[in-house]
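Peer 1: Mind looking over this structure? Questions follow.
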Amino acid sequence: MKARQIKPNVYWVGAIDWDRRLFDALIPLPDGTSYNAYLVRGSQKVALIDTVNPSMTPALMTYLENIPVIDYVIANHAEQDHSGSIPQVLAKYPDAKVVTTPKGRDMLVALLLIPEDRFITVSDGETLSLGDKTLEFIHAPWVHWPETMLTYLREDKILFPCDLFGSHLATIDLYVANEGQVYEAAKRYYAEIMMPFRTSIEKHLEKLNSYKIDVIGPSHGPLHDKPSFILEAYRSWVFGSPKNIVVLPYISMHGSTQKMVEYFVGALADRGVTVKQFNLAAIDIGKLAMALVDAATMVIGTPTVLVGPHPNVAYAAFLANALRPRLQFISIIGSYGWGSKAVEQLTGMIPNLKAEVLPPVLSKGFPREDDFQALDNLASTIAKKHKEHGFA
Ligand code: FEO
């Protein structure tokens, strides 16, 4: 595939990874991903914005075969899926400099052993002239590492935000063609990567209000030639209220917790509360993460194993704690045989979730009438609290 023109003398020179199915040995990639790099040819200087995952370096180097000079490699982010080819690019262009934040330099020296004299560090708002094109660097820490920055190409009004606004989606479409598909992929990306840093993203979104943006070129997934689509989606995920939704990750060993969950889901539905239930025995954790973006409440369903929660449930609780969703209420339902510390152990695993813990419901053995009554009471409490807070 040839380099793909975005605007005159601005090209996509990235790599599409159709086959990758896991990121960070953790995150499922059901639809692959891409690593987007961009070449900007000014009248006097040439810049490469980000590079690609090390596994795809040959694809990037093919695009650079007929480019005699690169003056600057802009490193918006030090993570290897974007910085991994920098050493090979620097080897091909011995006079090229890496342009990044001071923290970015420190991290790239540490991660890729790039010599310090190959760097130019830039401060927030600093510009770099390529002749008839100007790059402006916008420091944007914690999207999603501390060194991250965004690059704005002033004359063409293109924002290159690296991971921010990205989606793990392998597609031949240069720009978003199927908004529904990209919305799902971008929300999954936000949930897994960006949600823990929501308060930082709030500030960055506000800062971007003062920029005129025609195109957003993220580092994963298709580009946005209608930036309002992704900007509005991010605003709703970051600034919007939680919704009238309960997320219910659970597992059952002998059917008692399963019965509790089935009854409870019905009780919530009868009270007008939407439930998203996830059986942790076989789950795509990305779907759980996405559900947590909007939910007002999480209720965890667990049997008791060796006095504590089932390990799969503990994993889900640990994950939810790390992702820091906007949850307002939490509770636990489940079962035990002869004794349980599942509630104490689970609530101790979620210190980041500043949510009110509602009274849990654990049945001894298979649930009976008083357990179902307690589940009805919990469902009523959740419905009432959602209504009081205006969660719709
Ligand atoms: Fe796509 Fe944080 O790397």
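Every chain in the structure tokens takes a letter, A first, then B, and so on in the order presented; its residues are numbered from 1, and the ligands are numbered from 1 following the presented order.
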At most 9 Å is the cut-off: for each residue in chain A with any atom that close to an atom of ligand 1, write down the nearest atom pair and the distance in Å rounded to one decimal, counting only C-alpha atoms and all ligand atoms, chain first then increasing number, as JSON lines.
Peer 2:
{"residue": "A:Tyr35", "atom": "CA", "partner": "ligand 1", "partner_atom_place_in_ligand_line": "1 (Fe)", "distance": 7.5}
{"residue": "A:Asn53", "atom": "CA", "partner": "ligand 1", "partner_atom_place_in_ligand_line": "1 (Fe)", "distance": 8.8}
{"residue": "A:His77", "atom": "CA", "partner": "ligand 1", "partner_atom_place_in_ligand_line": "2 (Fe)", "distance": 6.8}
{"residue": "A:Ala78", "atom": "CA", "partner": "ligand 1", "partner_atom_place_in_ligand_line": "2 (Fe)", "distance": 7.6}
{"residue": "A:Glu79", "atom": "CA", "partner": "ligand 1", "partner_atom_place_in_ligand_line": "3 (O)", "distance": 5.1}
{"residue": "A:Gln80", "atom": "CA", "partner": "ligand 1", "partner_atom_place_in_ligand_line": "3 (O)", "distance": 6.9}
{"residue": "A:Asp81", "atom": "CA", "partner": "ligand 1", "partner_atom_place_in_ligand_line": "1 (Fe)", "distance": 5.5}
{"residue": "A:His82", "atom": "CA", "partner": "ligand 1", "partner_atom_place_in_ligand_line": "1 (Fe)", "distance": 6.3}
{"residue": "A:Ser83", "atom": "CA", "partner": "ligand 1", "partner_atom_place_in_ligand_line": "3 (O)", "distance": 8.8}
{"residue": "A:Val143", "atom": "CA", "partner": "ligand 1", "partner_atom_place_in_ligand_line": "2 (Fe)", "distance": 7.7}
{"residue": "A:His144", "atom": "CA", "partner": "ligand 1", "partner_atom_place_in_ligand_line": "2 (Fe)", "distance": 6.2}
{"residue": "A:Trp145", "atom": "CA", "partner": "ligand 1", "partner_atom_place_in_ligand_line": "2 (Fe)", "distance": 7.0}
{"residue": "A:Thr148", "atom": "CA", "partner": "ligand 1", "partner_atom_place_in_ligand_line": "2 (Fe)", "distance": 8.9}
{"residue": "A:Cys162", "atom": "CA", "partner": "ligand 1", "partner_atom_place_in_ligand_line": "1 (Fe)", "distance": 7.1}
{"residue": "A:Asp163", "atom": "CA", "partner": "ligand 1", "partner_atom_place_in_ligand_line": "1 (Fe)", "distance": 5.1}
{"residue": "A:Leu164", "atom": "CA", "partner": "ligand 1", "partner_atom_place_in_ligand_line": "1 (Fe)", "distance": 8.8}
{"residue": "A:Gly166", "atom": "CA", "partner": "ligand 1", "partner_atom_place_in_ligand_line": "1 (Fe)", "distance": 8.2}
{"residue": "A:His168", "atom": "CA", "partner": "ligand 1", "partner_atom_place_in_ligand_line": "1 (Fe)", "distance": 8.8}
{"residue": "A:Ile193", "atom": "CA", "partner": "ligand 1", "partner_atom_place_in_ligand_line": "2 (Fe)", "distance": 7.8}
{"residue": "A:Ser219", "atom": "CA", "partner": "ligand 1", "partner_atom_place_in_ligand_line": "1 (Fe)", "distance": 6.5}
{"residue": "A:His220", "atom": "CA", "partner": "ligand 1", "partner_atom_place_in_ligand_line": "1 (Fe)", "distance": 6.7}
Peer 1: Take the residues from that selection and write them out as a PDB file, in the first residue's frame, keeping C-alpha atoms.
Peer 2:
ATOM      1  CA  TYR A  35       0.037   1.852  14.480  1.00  0.00           C
ATOM      2  CA  ASN A  53       5.343  -1.288  16.816  1.00  0.00           C
ATOM      3  CA  HIS A  77       4.505   8.972  23.519  1.00  0.00           C
ATOM      4  CA  ALA A  78       7.324   6.664  24.603  1.00  0.00           C
ATOM      5  CA  GLU A  79       5.367   3.398  24.646  1.00  0.00           C
ATOM      6  CA  GLN A  80       6.969   0.942  22.271  1.00  0.00           C
ATOM      7  CA  ASP A  81       4.007   0.494  19.941  1.00  0.00           C
ATOM      8  CA  HIS A  82       4.735   4.057  18.762  1.00  0.00           C
ATOM      9  CA  SER A  83       8.379   4.537  19.614  1.00  0.00           C
ATOM     10  CA  VAL A 143      -2.891  10.064  28.339  1.00  0.00           C
ATOM     11  CA  HIS A 144      -1.895   7.536  29.429  1.00  0.00           C
ATOM     12  CA  TRP A 145       1.736   7.814  30.561  1.00  0.00           C
ATOM     13  CA  THR A 148       2.573  12.228  26.690  1.00  0.00           C
ATOM     14  CA  CYS A 162      -1.203   9.597  19.694  1.00  0.00           C
ATOM     15  CA  ASP A 163      -3.245   7.224  21.900  1.00  0.00           C
ATOM     16  CA  LEU A 164      -5.908   9.794  22.810  1.00  0.00           C
ATOM     17  CA  GLY A 166      -7.621   6.092  19.257  1.00  0.00           C
ATOM     18  CA  HIS A 168      -7.854  -0.747  18.370  1.00  0.00           C
ATOM     19  CA  ILE A 193      -6.556   2.699  28.518  1.00  0.00           C
ATOM     20  CA  SER A 219      -2.045   6.486  16.610  1.00  0.00           C
ATOM     21  CA  HIS A 220      -4.514   3.571  16.521  1.00  0.00           C
TER      22      HIS A 220
END
Peer 1: Please measure the separation of CA of Gln328 in chain A and CA of Leu208 in chain A, giving the value in Å to one decimal.
Peer 2: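 CA of Gln328 in chain A sits 28.5 Å away from CA of Leu208 in chain A.
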Peer 1: Going by DSSP on the backbone, which bits of range 56-122 of chain A are strand (DSSP E)? Write them as a short mmCIF file (atom, residue, chain, number, x, y, z; two decimals) with N, CA, C and O atoms, in the first residue's frame, please.
Peer 2:
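That gives us out15.cif:
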data_model
loop_
_atom_site.label_atom_id
_atom_site.label_comp_id
_atom_site.auth_asym_id
_atom_site.auth_seq_id
_atom_site.Cartn_x
_atom_site.Cartn_y
_atom_site.Cartn_z
N TYR A 72 13.27 15.54 11.79
CA TYR A 72 12.73 15.38 13.14
C TYR A 72 11.85 14.14 13.23
O TYR A 72 11.04 13.89 12.33
N VAL A 73 12.01 13.41 14.33
CA VAL A 73 11.06 12.35 14.66
C VAL A 73 10.31 12.84 15.89
O VAL A 73 10.89 13.00 16.97
N ILE A 74 9.03 13.11 15.72
CA ILE A 74 8.23 13.61 16.83
C ILE A 74 7.73 12.40 17.62
O ILE A 74 7.03 11.54 17.09
N LYS A 97 16.75 14.34 14.67
CA LYS A 97 16.60 14.53 16.12
C LYS A 97 15.22 14.05 16.55
O LYS A 97 14.23 14.23 15.82
N VAL A 98 15.16 13.50 17.74
CA VAL A 98 13.87 13.10 18.33
C VAL A 98 13.33 14.29 19.12
O VAL A 98 14.03 14.83 19.98
N VAL A 99 12.11 14.68 18.81
CA VAL A 99 11.49 15.82 19.48
C VAL A 99 10.42 15.28 20.43
O VAL A 99 9.49 14.58 20.01
N THR A 100 10.58 15.61 21.70
CA THR A 100 9.65 15.06 22.70
C THR A 100 9.67 15.92 23.95
O THR A 100 10.40 16.92 24.02
N PHE A 119 18.29 14.04 21.07
CA PHE A 119 16.99 14.61 21.45
C PHE A 119 16.96 16.13 21.38
O PHE A 119 17.95 16.79 21.65
N ILE A 120 15.76 16.64 21.06
CA ILE A 120 15.40 18.03 21.32
C ILE A 120 14.16 17.96 22.21
O ILE A 120 13.19 17.30 21.83
N THR A 121 14.20 18.59 23.37
CA THR A 121 12.99 18.57 24.20
C THR A 121 12.23 19.87 23.99
O THR A 121 12.81 20.94 23.76
#
Peer 1: Could you tell me, as a VMD selection string, which residues of range 226-321 of chain A DSSP assigns to alpha helix (DSSP H) when given the backbone?
Peer 2: chain A and resid 227 to 239 256 to 270 285 to 294 311 to 321
Peer 1: Show which residues sit within 12 Å of Gln373 in chain A, as an mmCIF file with N, CA and C atoms, in the first residue's frame. Count only C-alpha atoms, and ignore same-chain residues fewer than 5 positions away.
Peer 2:
data_model
loop_
_atom_site.group_PDB
_atom_site.id
_atom_site.type_symbol
_atom_site.label_atom_id
_atom_site.label_comp_id
_atom_site.auth_asym_id
_atom_site.auth_seq_id
_atom_site.Cartn_x
_atom_site.Cartn_y
_atom_site.Cartn_z
ATOM 1 N N MET A 260 -29.057 -16.697 42.618
ATOM 2 C CA MET A 260 -29.119 -15.337 43.191
ATOM 3 C C MET A 260 -29.051 -14.293 42.081
ATOM 4 N N TYR A 263 -32.269 -14.179 39.894
ATOM 5 C CA TYR A 263 -33.380 -13.528 40.600
ATOM 6 C C TYR A 263 -33.154 -12.017 40.681
ATOM 7 N N PHE A 264 -31.926 -11.651 40.999
ATOM 8 C CA PHE A 264 -31.596 -10.239 41.203
ATOM 9 C C PHE A 264 -31.708 -9.443 39.900
ATOM 10 N N ALA A 267 -35.239 -8.780 39.385
ATOM 11 C CA ALA A 267 -35.744 -7.786 40.340
ATOM 12 C C ALA A 267 -35.349 -6.370 39.915
ATOM 13 N N VAL A 361 -25.755 -9.293 50.067
ATOM 14 C CA VAL A 361 -26.701 -10.395 50.308
ATOM 15 C C VAL A 361 -25.987 -11.706 49.985
ATOM 16 N N LEU A 362 -25.672 -12.484 51.009
ATOM 17 C CA LEU A 362 -25.041 -13.793 50.800
ATOM 18 C C LEU A 362 -25.947 -14.890 51.371
ATOM 19 N N SER A 363 -26.218 -15.878 50.564
ATOM 20 C CA SER A 363 -27.064 -16.975 51.052
ATOM 21 C C SER A 363 -26.181 -18.109 51.569
ATOM 22 N N PRO A 367 -30.215 -20.368 47.728
ATOM 23 C CA PRO A 367 -31.034 -19.272 48.291
ATOM 24 C C PRO A 367 -32.470 -19.700 48.599
ATOM 25 N N ARG A 368 -33.002 -19.083 49.683
ATOM 26 C CA ARG A 368 -34.392 -19.353 50.087
ATOM 27 C C ARG A 368 -35.164 -18.043 50.110
ATOM 28 N N LEU A 378 -32.462 -5.010 48.031
ATOM 29 C CA LEU A 378 -31.276 -4.391 47.418
ATOM 30 C C LEU A 378 -31.640 -3.772 46.071
ATOM 31 N N ALA A 379 -32.426 -4.473 45.283
ATOM 32 C CA ALA A 379 -32.844 -3.930 43.981
ATOM 33 C C ALA A 379 -33.645 -2.649 44.167
ATOM 34 N N SER A 380 -34.517 -2.625 45.177
ATOM 35 C CA SER A 380 -35.329 -1.419 45.435
ATOM 36 C C SER A 380 -34.435 -0.252 45.856
#
Peer 1: Quick one: residues within 6 Å of Phe137 in chain A, only C-alpha atoms, excluding same-chain residues fewer than 5 positions away - as a PyMOL selection string?
Peer 2: chain A and resi 125-126+150-151
